[in-house]
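Q: Below is one structure. I have some questions about it.
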Amino acid sequence: MRIVCVVVVLAVVNLLNNWLARGPYVYVLTCVTATVVLLLIARWDGLTLADLGLDTAGVRLGLRWTPVLAGAVLVVLLLLLSVPAGREAFRDARAVDLSMGQLLCRVLVRVPFGTVLLEETAFRGVLWAMIRRRRGTAWATTVSSLLFGLWHLLPSRGLGRSNAAVGAVFGSGSADVTPTIAVAVVAMVAAGVVLCELRRRTGSLLAPAALHWAINGFGYALAWATPRW
């Protein structure tokens with residue numbers, strides 16, 4: 001019943017964020033509110049801070065991993081940017097038209113306190129810990145990652161139109177939406193497995209959160225900077 005409550009909360013938030021909510025601050029407020037609700041459900045389920053990867057030891061390990069993970073992501077993205085074919089991935093309409101202030105808001109507010117906070121708390125924190133206690137790590141990683149992939153179903157609808165690389169491979173017409181969504185969901189399931197494994201190995205929720213922020217944050221920044229430089 002408590003796991004079902006978590007899934008229902010996430011379903012409602014997904015609809016709000018993709019269909020009803022408008023503006024970055026509404027998005028962040030929705031995500032923060034949902035995070036609080038999920039943590040209350042976790043407490044109702046009897047989860048501890050250690051179960052969530054937020055105890056003192058977990059926080060310390062996460063802080064140690066943060067610069068390593070962020071640095072590794074930045075190096076990989078810069079290497080990709082140095083290859084002519086790789087630059088297509090940074091031609092993204094979601095970033096290129098942002099002003100400097102909007103970019104900073106996206107990278108320093110919307111991504112960490114909206115996207116990363118909610119998704120890591122939900123999928124690698126509360127949901128993963130609840131399933132792991134009942135069914136074990138393999139079940140926790142599998143179910144959490146599958147739901148993480150489905151979470152990206154609605155946001156993937158316009159991916160072919162907004163990203164040049166995706167549009168070049170899958171097309172950007174209405175007939176190309178379904179394969180684009182399918183590939184995006186599968187890719188996010190795989191990403192979820194990686195993030196869950198990082199959570200397991202480090203014992204910290206901050207480690208996958210750092211990796212998640214680095215990919216999204218540096219990705220936005222480089223997509224914004226590439227056409228200007």
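Residues in the structure tokens are named by chain (A, B, ... in the order shown) and by number from 1 within that chain; ligands are numbered from 1 in the order shown.
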Name all residues at most 12 Å from Gln102 (chain A) (count only C-alpha atoms; drop same-chain ones fewer than 2 positions away) and give them as a JSON list (two decimals) with all heavy atoms, in the first residue's frame.
A:
```
[["chain", "number", "residue", "atom", "x", "y", "z"],
["A", 23, "GLY", "N", 6.13, 27.49, -15.84],
["A", 23, "GLY", "CA", 7.11, 28.33, -15.19],
["A", 23, "GLY", "C", 8.05, 27.54, -14.31],
["A", 23, "GLY", "O", 7.65, 26.54, -13.71],
["A", 24, "PRO", "N", 9.32, 27.97, -14.22],
["A", 24, "PRO", "CA", 10.32, 27.22, -13.46],
["A", 24, "PRO", "C", 10.04, 27.16, -11.98],
["A", 24, "PRO", "O", 10.33, 26.15, -11.33],
["A", 24, "PRO", "CB", 11.62, 27.99, -13.75],
["A", 24, "PRO", "CG", 11.16, 29.37, -14.12],
["A", 24, "PRO", "CD", 9.87, 29.19, -14.84],
["A", 25, "TYR", "N", 9.47, 28.21, -11.42],
["A", 25, "TYR", "CA", 9.26, 28.22, -9.98],
["A", 25, "TYR", "C", 8.09, 27.34, -9.57],
["A", 25, "TYR", "O", 8.10, 26.73, -8.50],
["A", 25, "TYR", "CB", 9.06, 29.67, -9.50],
["A", 25, "TYR", "CG", 10.26, 30.54, -9.76],
["A", 25, "TYR", "CD1", 10.25, 31.50, -10.75],
["A", 25, "TYR", "CD2", 11.44, 30.34, -9.03],
["A", 25, "TYR", "CE1", 11.37, 32.29, -11.02],
["A", 25, "TYR", "CE2", 12.56, 31.12, -9.29],
["A", 25, "TYR", "CZ", 12.53, 32.08, -10.28],
["A", 25, "TYR", "OH", 13.64, 32.82, -10.55],
["A", 94, "ARG", "N", 16.04, 23.56, -26.23],
["A", 94, "ARG", "CA", 15.65, 23.82, -24.84],
["A", 94, "ARG", "C", 16.66, 24.68, -24.11],
["A", 94, "ARG", "O", 16.37, 25.24, -23.06],
["A", 94, "ARG", "CB", 15.46, 22.50, -24.11],
["A", 94, "ARG", "CG", 14.31, 21.65, -24.61],
["A", 94, "ARG", "CD", 14.33, 20.27, -24.01],
["A", 94, "ARG", "NE", 15.52, 19.52, -24.43],
["A", 94, "ARG", "CZ", 15.80, 18.26, -24.08],
["A", 94, "ARG", "NH1", 14.95, 17.62, -23.28],
["A", 94, "ARG", "NH2", 16.87, 17.66, -24.51],
["A", 95, "ALA", "N", 17.87, 24.81, -24.67],
["A", 95, "ALA", "CA", 18.93, 25.58, -24.00],
["A", 95, "ALA", "C", 19.39, 26.78, -24.81],
["A", 95, "ALA", "O", 19.76, 27.80, -24.24],
["A", 95, "ALA", "CB", 20.12, 24.67, -23.69],
["A", 96, "VAL", "N", 19.37, 26.65, -26.13],
["A", 96, "VAL", "CA", 20.03, 27.65, -26.96],
["A", 96, "VAL", "C", 19.38, 29.04, -26.85],
["A", 96, "VAL", "O", 20.06, 30.06, -26.97],
["A", 96, "VAL", "CB", 20.07, 27.18, -28.43],
["A", 96, "VAL", "CG1", 18.66, 27.17, -29.03],
["A", 96, "VAL", "CG2", 21.00, 28.03, -29.25],
["A", 97, "ASP", "N", 18.08, 29.11, -26.63],
["A", 97, "ASP", "CA", 17.38, 30.40, -26.59],
["A", 97, "ASP", "C", 17.30, 31.01, -25.20],
["A", 97, "ASP", "O", 16.68, 32.06, -25.02],
["A", 97, "ASP", "CB", 15.97, 30.24, -27.16],
["A", 97, "ASP", "CG", 15.97, 29.89, -28.64],
["A", 97, "ASP", "OD1", 16.90, 30.32, -29.34],
["A", 97, "ASP", "OD2", 15.06, 29.17, -29.09],
["A", 98, "LEU", "N", 17.90, 30.37, -24.21],
["A", 98, "LEU", "CA", 17.86, 30.90, -22.86],
["A", 98, "LEU", "C", 18.77, 32.11, -22.72],
["A", 98, "LEU", "O", 19.84, 32.18, -23.33],
["A", 98, "LEU", "CB", 18.31, 29.82, -21.86],
["A", 98, "LEU", "CG", 17.46, 28.55, -21.74],
["A", 98, "LEU", "CD1", 18.12, 27.57, -20.79],
["A", 98, "LEU", "CD2", 16.05, 28.89, -21.26],
["A", 99, "SER", "N", 18.36, 33.07, -21.89],
["A", 99, "SER", "CA", 19.26, 34.16, -21.53],
["A", 99, "SER", "C", 20.23, 33.66, -20.46],
["A", 99, "SER", "O", 20.07, 32.56, -19.93],
["A", 99, "SER", "CB", 18.46, 35.34, -20.98],
["A", 99, "SER", "OG", 17.84, 34.98, -19.74],
["A", 100, "MET", "N", 21.21, 34.46, -20.15],
["A", 100, "MET", "CA", 22.17, 34.05, -19.11],
["A", 100, "MET", "C", 21.46, 33.83, -17.78],
["A", 100, "MET", "O", 21.73, 32.85, -17.06],
["A", 100, "MET", "CB", 23.26, 35.12, -18.95],
["A", 100, "MET", "CG", 24.21, 34.86, -17.78],
["A", 100, "MET", "SD", 25.19, 33.36, -17.98],
["A", 100, "MET", "CE", 26.44, 33.97, -19.11],
["A", 104, "LEU", "N", 21.26, 30.25, -15.70],
["A", 104, "LEU", "CA", 21.68, 30.08, -14.31],
["A", 104, "LEU", "C", 20.54, 29.55, -13.46],
["A", 104, "LEU", "O", 20.75, 28.70, -12.59],
["A", 104, "LEU", "CB", 22.18, 31.42, -13.75],
["A", 104, "LEU", "CG", 23.50, 31.93, -14.36],
["A", 104, "LEU", "CD1", 23.82, 33.32, -13.80],
["A", 104, "LEU", "CD2", 24.64, 30.97, -14.07],
["A", 105, "CYS", "N", 19.33, 30.03, -13.72],
["A", 105, "CYS", "CA", 18.16, 29.53, -13.00],
["A", 105, "CYS", "C", 17.95, 28.06, -13.28],
["A", 105, "CYS", "O", 17.65, 27.26, -12.38],
["A", 105, "CYS", "CB", 16.93, 30.34, -13.38],
["A", 105, "CYS", "SG", 15.40, 29.80, -12.57],
["A", 106, "ARG", "N", 18.11, 27.67, -14.54],
["A", 106, "ARG", "CA", 17.93, 26.27, -14.93],
["A", 106, "ARG", "C", 18.97, 25.37, -14.27],
["A", 106, "ARG", "O", 18.65, 24.32, -13.72],
["A", 106, "ARG", "CB", 18.03, 26.17, -16.46],
["A", 106, "ARG", "CG", 17.74, 24.80, -17.04],
["A", 106, "ARG", "CD", 16.29, 24.45, -16.92],
["A", 106, "ARG", "NE", 15.40, 25.38, -17.58],
["A", 106, "ARG", "CZ", 14.95, 25.24, -18.83],
["A", 106, "ARG", "NH1", 15.31, 24.19, -19.54],
["A", 106, "ARG", "NH2", 14.11, 26.13, -19.33],
["A", 107, "VAL", "N", 20.25, 25.80, -14.32],
["A", 107, "VAL", "CA", 21.35, 24.96, -13.83],
["A", 107, "VAL", "C", 21.44, 24.94, -12.31],
["A", 107, "VAL", "O", 21.74, 23.89, -11.71],
["A", 107, "VAL", "CB", 22.68, 25.43, -14.44],
["A", 107, "VAL", "CG1", 23.87, 24.69, -13.82],
["A", 107, "VAL", "CG2", 22.67, 25.23, -15.95],
["A", 108, "LEU", "N", 21.17, 26.08, -11.67],
["A", 108, "LEU", "CA", 21.39, 26.20, -10.23],
["A", 108, "LEU", "C", 20.11, 26.08, -9.38],
["A", 108, "LEU", "O", 20.21, 25.89, -8.17],
["A", 108, "LEU", "CB", 22.06, 27.54, -9.92],
["A", 108, "LEU", "CG", 23.43, 27.75, -10.58],
["A", 108, "LEU", "CD1", 23.97, 29.13, -10.23],
["A", 108, "LEU", "CD2", 24.42, 26.67, -10.18],
["A", 109, "VAL", "N", 18.95, 26.16, -10.02],
["A", 109, "VAL", "CA", 17.69, 26.07, -9.26],
["A", 109, "VAL", "C", 16.81, 24.94, -9.77],
["A", 109, "VAL", "O", 16.53, 23.99, -9.04],
["A", 109, "VAL", "CB", 16.91, 27.41, -9.31],
["A", 109, "VAL", "CG1", 15.61, 27.28, -8.53],
["A", 109, "VAL", "CG2", 17.75, 28.54, -8.75],
["A", 110, "ARG", "N", 16.39, 25.03, -11.01],
["A", 110, "ARG", "CA", 15.43, 24.06, -11.55],
["A", 110, "ARG", "C", 15.98, 22.63, -11.53],
["A", 110, "ARG", "O", 15.30, 21.70, -11.09],
["A", 110, "ARG", "CB", 15.03, 24.44, -12.96],
["A", 110, "ARG", "CG", 14.01, 23.49, -13.59],
["A", 110, "ARG", "CD", 13.76, 23.84, -15.05],
["A", 110, "ARG", "NE", 12.89, 22.88, -15.70],
["A", 110, "ARG", "CZ", 11.59, 23.02, -15.88],
["A", 110, "ARG", "NH1", 10.99, 24.12, -15.45],
["A", 110, "ARG", "NH2", 10.89, 22.09, -16.49],
["A", 111, "VAL", "N", 17.22, 22.46, -12.00],
["A", 111, "VAL", "CA", 17.78, 21.10, -12.08],
["A", 111, "VAL", "C", 18.06, 20.52, -10.69],
["A", 111, "VAL", "O", 17.58, 19.43, -10.37],
["A", 111, "VAL", "CB", 19.05, 21.08, -12.96],
["A", 111, "VAL", "CG1", 19.76, 19.72, -12.85],
["A", 111, "VAL", "CG2", 18.69, 21.35, -14.41],
["A", 220, "TYR", "N", 23.11, 21.38, -20.12],
["A", 220, "TYR", "CA", 22.44, 22.65, -20.44],
["A", 220, "TYR", "C", 23.46, 23.74, -20.72],
["A", 220, "TYR", "O", 23.32, 24.51, -21.69],
["A", 220, "TYR", "CB", 21.54, 23.08, -19.28],
["A", 220, "TYR", "CG", 20.14, 22.54, -19.34],
["A", 220, "TYR", "CD1", 19.65, 21.71, -18.34],
["A", 220, "TYR", "CD2", 19.29, 22.88, -20.39],
["A", 220, "TYR", "CE1", 18.35, 21.21, -18.38],
["A", 220, "TYR", "CE2", 17.99, 22.39, -20.44],
["A", 220, "TYR", "CZ", 17.53, 21.56, -19.43],
["A", 220, "TYR", "OH", 16.25, 21.07, -19.49],
["A", 221, "ALA", "N", 24.47, 23.86, -19.86],
["A", 221, "ALA", "CA", 25.45, 24.93, -20.00],
["A", 221, "ALA", "C", 26.20, 24.82, -21.33],
["A", 221, "ALA", "O", 26.40, 25.84, -22.02],
["A", 221, "ALA", "CB", 26.43, 24.88, -18.84],
["A", 224, "TRP", "N", 24.00, 25.62, -24.30],
["A", 224, "TRP", "CA", 23.80, 27.07, -24.39],
["A", 224, "TRP", "C", 25.04, 27.76, -24.96],
["A", 224, "TRP", "O", 24.95, 28.67, -25.78],
["A", 224, "TRP", "CB", 23.49, 27.61, -23.00],
["A", 224, "TRP", "CG", 23.30, 29.11, -22.95],
["A", 224, "TRP", "CD1", 22.14, 29.80, -23.18],
["A", 224, "TRP", "CD2", 24.30, 30.09, -22.64],
["A", 224, "TRP", "NE1", 22.35, 31.15, -23.03],
["A", 224, "TRP", "CE2", 23.67, 31.36, -22.70],
["A", 224, "TRP", "CE3", 25.66, 30.03, -22.33],
["A", 224, "TRP", "CZ2", 24.35, 32.54, -22.45],
["A", 224, "TRP", "CZ3", 26.34, 31.22, -22.07],
["A", 224, "TRP", "CH2", 25.69, 32.45, -22.13]]
```
Q: What lies within 10 Å of Leu39 (chain A) using only C-alpha atoms, ignoring chain neighbours under 6 positions off, as a list in words?
A: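 Once the nearby chain positions are removed, what remains is Val6, Asp45, Leu47, Leu52, Thr121, Ala122, Gly125 and Val126 of chain A.
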Q: Could you save the residues just selected, with all heavy atoms, as a CSV table (one decimal), in the first residue's frame?
A:
```
chain,number,residue,atom,x,y,z
A,6,VAL,N,3.5,5.9,-3.2
A,6,VAL,CA,4.6,6.5,-3.8
A,6,VAL,C,4.4,6.7,-5.3
A,6,VAL,O,4.6,7.7,-5.9
A,6,VAL,CB,5.9,5.8,-3.5
A,6,VAL,CG1,7.1,6.3,-4.3
A,6,VAL,CG2,6.3,5.9,-2.0
A,45,ASP,N,6.6,4.3,6.5
A,45,ASP,CA,7.1,2.9,6.2
A,45,ASP,C,8.2,2.4,7.1
A,45,ASP,O,8.6,1.3,7.1
A,45,ASP,CB,7.5,2.8,4.7
A,45,ASP,CG,7.6,1.4,4.3
A,45,ASP,OD1,6.7,0.7,4.4
A,45,ASP,OD2,8.7,1.0,3.8
A,47,LEU,N,11.3,3.7,7.3
A,47,LEU,CA,12.7,3.8,6.7
A,47,LEU,C,13.5,4.8,7.6
A,47,LEU,O,13.0,5.8,8.0
A,47,LEU,CB,12.6,4.3,5.3
A,47,LEU,CG,12.0,3.3,4.3
A,47,LEU,CD1,11.9,4.0,2.9
A,47,LEU,CD2,12.7,2.0,4.2
A,52,LEU,N,17.8,5.5,3.4
A,52,LEU,CA,17.7,6.4,2.3
A,52,LEU,C,19.0,6.9,1.8
A,52,LEU,O,19.1,7.7,0.8
A,52,LEU,CB,16.8,7.6,2.7
A,52,LEU,CG,15.4,7.3,3.1
A,52,LEU,CD1,14.7,8.6,3.7
A,52,LEU,CD2,14.6,6.8,2.0
A,121,THR,N,15.4,11.4,-4.8
A,121,THR,CA,14.6,11.0,-3.6
A,121,THR,C,13.6,9.9,-3.8
A,121,THR,O,13.5,8.9,-3.1
A,121,THR,CB,13.9,12.2,-3.0
A,121,THR,OG1,14.9,13.2,-2.7
A,121,THR,CG2,13.2,11.8,-1.7
A,122,ALA,N,12.9,10.0,-5.0
A,122,ALA,CA,11.9,9.1,-5.3
A,122,ALA,C,12.4,7.7,-5.7
A,122,ALA,O,12.1,6.7,-5.1
A,122,ALA,CB,11.0,9.6,-6.4
A,125,GLY,N,16.0,6.8,-3.6
A,125,GLY,CA,15.9,6.9,-2.2
A,125,GLY,C,14.7,6.1,-1.7
A,125,GLY,O,14.8,4.9,-1.3
A,126,VAL,N,13.5,6.7,-1.7
A,126,VAL,CA,12.3,6.1,-1.0
A,126,VAL,C,11.9,4.8,-1.7
A,126,VAL,O,11.8,3.7,-1.1
A,126,VAL,CB,11.2,7.1,-1.0
A,126,VAL,CG1,9.9,6.5,-0.5
A,126,VAL,CG2,11.5,8.4,-0.2
```
Q: Taking into account only C-alpha atoms, which residue in the set A:Leu61, A:Ala85, A:Leu15, A:Ala187 is nearest to Phe148 (chain A)?
A: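 Of the candidates, the smallest distance to Phe148 (chain A) is held by A:Ala187.
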Q: Compile the contact shell of Asp51 (chain A) as number ranges by chain: residues with an atom at most 10 Å away, counting only C-alpha atoms, same-chain residues fewer than 4 positions apart removed.
A: A: 42, 46-47, 55, 58, 125-126, 128-130, 132-133, 203-205
Q: Output N, CA, C and O atoms for every residue in the selection just made, as a tab-separated table (two decimals), in the first residue's frame.
A:
```
chain	number	residue	atom	x	y	z
A	42	ALA	N	7.98	7.62	3.48
A	42	ALA	CA	9.13	6.80	3.89
A	42	ALA	C	9.16	6.66	5.41
A	42	ALA	O	9.43	5.57	5.94
A	46	GLY	N	8.67	3.33	7.99
A	46	GLY	CA	9.70	2.95	8.95
A	46	GLY	C	11.12	3.01	8.42
A	46	GLY	O	12.05	2.48	9.04
A	47	LEU	N	11.34	3.68	7.28
A	47	LEU	CA	12.68	3.80	6.74
A	47	LEU	C	13.51	4.79	7.56
A	47	LEU	O	12.99	5.80	8.03
A	55	ASP	N	22.14	9.27	5.94
A	55	ASP	CA	22.73	9.35	7.27
A	55	ASP	C	24.09	10.04	7.19
A	55	ASP	O	24.56	10.40	6.11
A	58	GLY	N	26.60	8.34	4.94
A	58	GLY	CA	26.21	8.46	3.55
A	58	GLY	C	26.47	9.84	2.98
A	58	GLY	O	26.93	9.99	1.85
A	125	GLY	N	16.02	6.78	-3.62
A	125	GLY	CA	15.87	6.90	-2.18
A	125	GLY	C	14.71	6.10	-1.66
A	125	GLY	O	14.83	4.94	-1.29
A	126	VAL	N	13.52	6.70	-1.66
A	126	VAL	CA	12.34	6.10	-1.03
A	126	VAL	C	11.92	4.80	-1.71
A	126	VAL	O	11.82	3.75	-1.06
A	128	TRP	N	13.40	2.83	-3.93
A	128	TRP	CA	14.45	1.79	-3.93
A	128	TRP	C	14.58	1.14	-2.56
A	128	TRP	O	14.65	-0.09	-2.45
A	129	ALA	N	14.57	1.95	-1.52
A	129	ALA	CA	14.72	1.42	-0.16
A	129	ALA	C	13.50	0.58	0.25
A	129	ALA	O	13.65	-0.46	0.90
A	130	MET	N	12.31	1.03	-0.10
A	130	MET	CA	11.10	0.30	0.27
A	130	MET	C	11.06	-1.08	-0.41
A	130	MET	O	10.75	-2.09	0.23
A	132	ARG	N	13.65	-2.69	-1.72
A	132	ARG	CA	14.82	-3.48	-1.30
A	132	ARG	C	14.57	-4.19	0.01
A	132	ARG	O	14.97	-5.34	0.19
A	133	ARG	N	13.90	-3.52	0.93
A	133	ARG	CA	13.63	-4.13	2.22
A	133	ARG	C	12.67	-5.31	2.08
A	133	ARG	O	12.74	-6.26	2.87
A	203	GLY	N	26.53	3.77	-0.88
A	203	GLY	CA	25.73	3.88	0.32
A	203	GLY	C	25.21	5.29	0.54
A	203	GLY	O	24.74	5.62	1.63
A	204	SER	N	25.26	6.11	-0.51
A	204	SER	CA	24.86	7.51	-0.37
A	204	SER	C	23.92	7.92	-1.49
A	204	SER	O	24.13	7.58	-2.66
A	205	LEU	N	22.88	8.67	-1.15
A	205	LEU	CA	21.98	9.21	-2.15
A	205	LEU	C	22.60	10.42	-2.85
A	205	LEU	O	22.19	10.77	-3.96
```
Q: Return as number ranges by chain the full set of residues in region 99-209 of chain A whose backbone-based DSSP assignment is alpha helix (DSSP H).
A: A: 100-105, 117-119, 127-135, 137-151, 159-162, 164-170, 177-202, 206-209
Q: Given only C-alpha atoms as the basis, pick out the residue of A:His152, A:Arg60, A:His212, A:Arg201 nearest to Val116 (chain A).
A: A:His212
Q: When you look at Leu16 (chain A) with a cut-off of 12 Å (counting only C-alpha atoms), what residues show up, excluding the ones that are within fewer than 5 positions of it in the same chain? I need them as a ChimeraX atom specification.
A: /A:9-11,21-23,26-31,34,154-155
Q: Go ahead and compute the interatomic distance for CA of Leu74 (chain A) and CA of Gly86 (chain A), in Å to one decimal.
A: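 It comes out at 14.2 Å.
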Q: Which of these residues is nearest to Arg64 (chain A), using only C-alpha atoms: A:Leu195, A:Ala207, A:Ile215, A:Leu222?
A: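 Looking only at the distances to Arg64 (chain A), the closest residue turns out to be A:Ala207.
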Q: Quick check, in Å to one decimal: how far apart do CA of Asn14 (chain A) and CA of Gly114 (chain A) lie?
A: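 It comes out at 12.1 Å.
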Q: With only C-alpha atoms as the basis for distance, which of A:Leu127, A:Leu146, A:Val185, A:Ala140 is at the shortest distance from Val4 (chain A)?
A: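 That would be A:Leu127, the residue with the smallest distance to Val4 (chain A).
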Q: Just checking: using only C-alpha atoms, which residue out of A:Ala93, A:Pro112, A:Glu119, A:Ala50 ends up closest to Leu38 (chain A)?
A: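 Smallest distance to Leu38 (chain A) is found for A:Glu119.
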Q: Find the distance between CA of Leu81 (chain A) and CA of Trp65 (chain A) and write it in Å to one decimal.
A: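 CA of Leu81 (chain A) sits 24.3 Å away from CA of Trp65 (chain A).
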Q: Could you tell me which of A:Leu118, A:Val13, A:Leu77, A:Val68 comes closest to Ala223 (chain A) if we count only C-alpha atoms?
A: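 Closest residue, counting only C-alpha atoms: A:Leu77.
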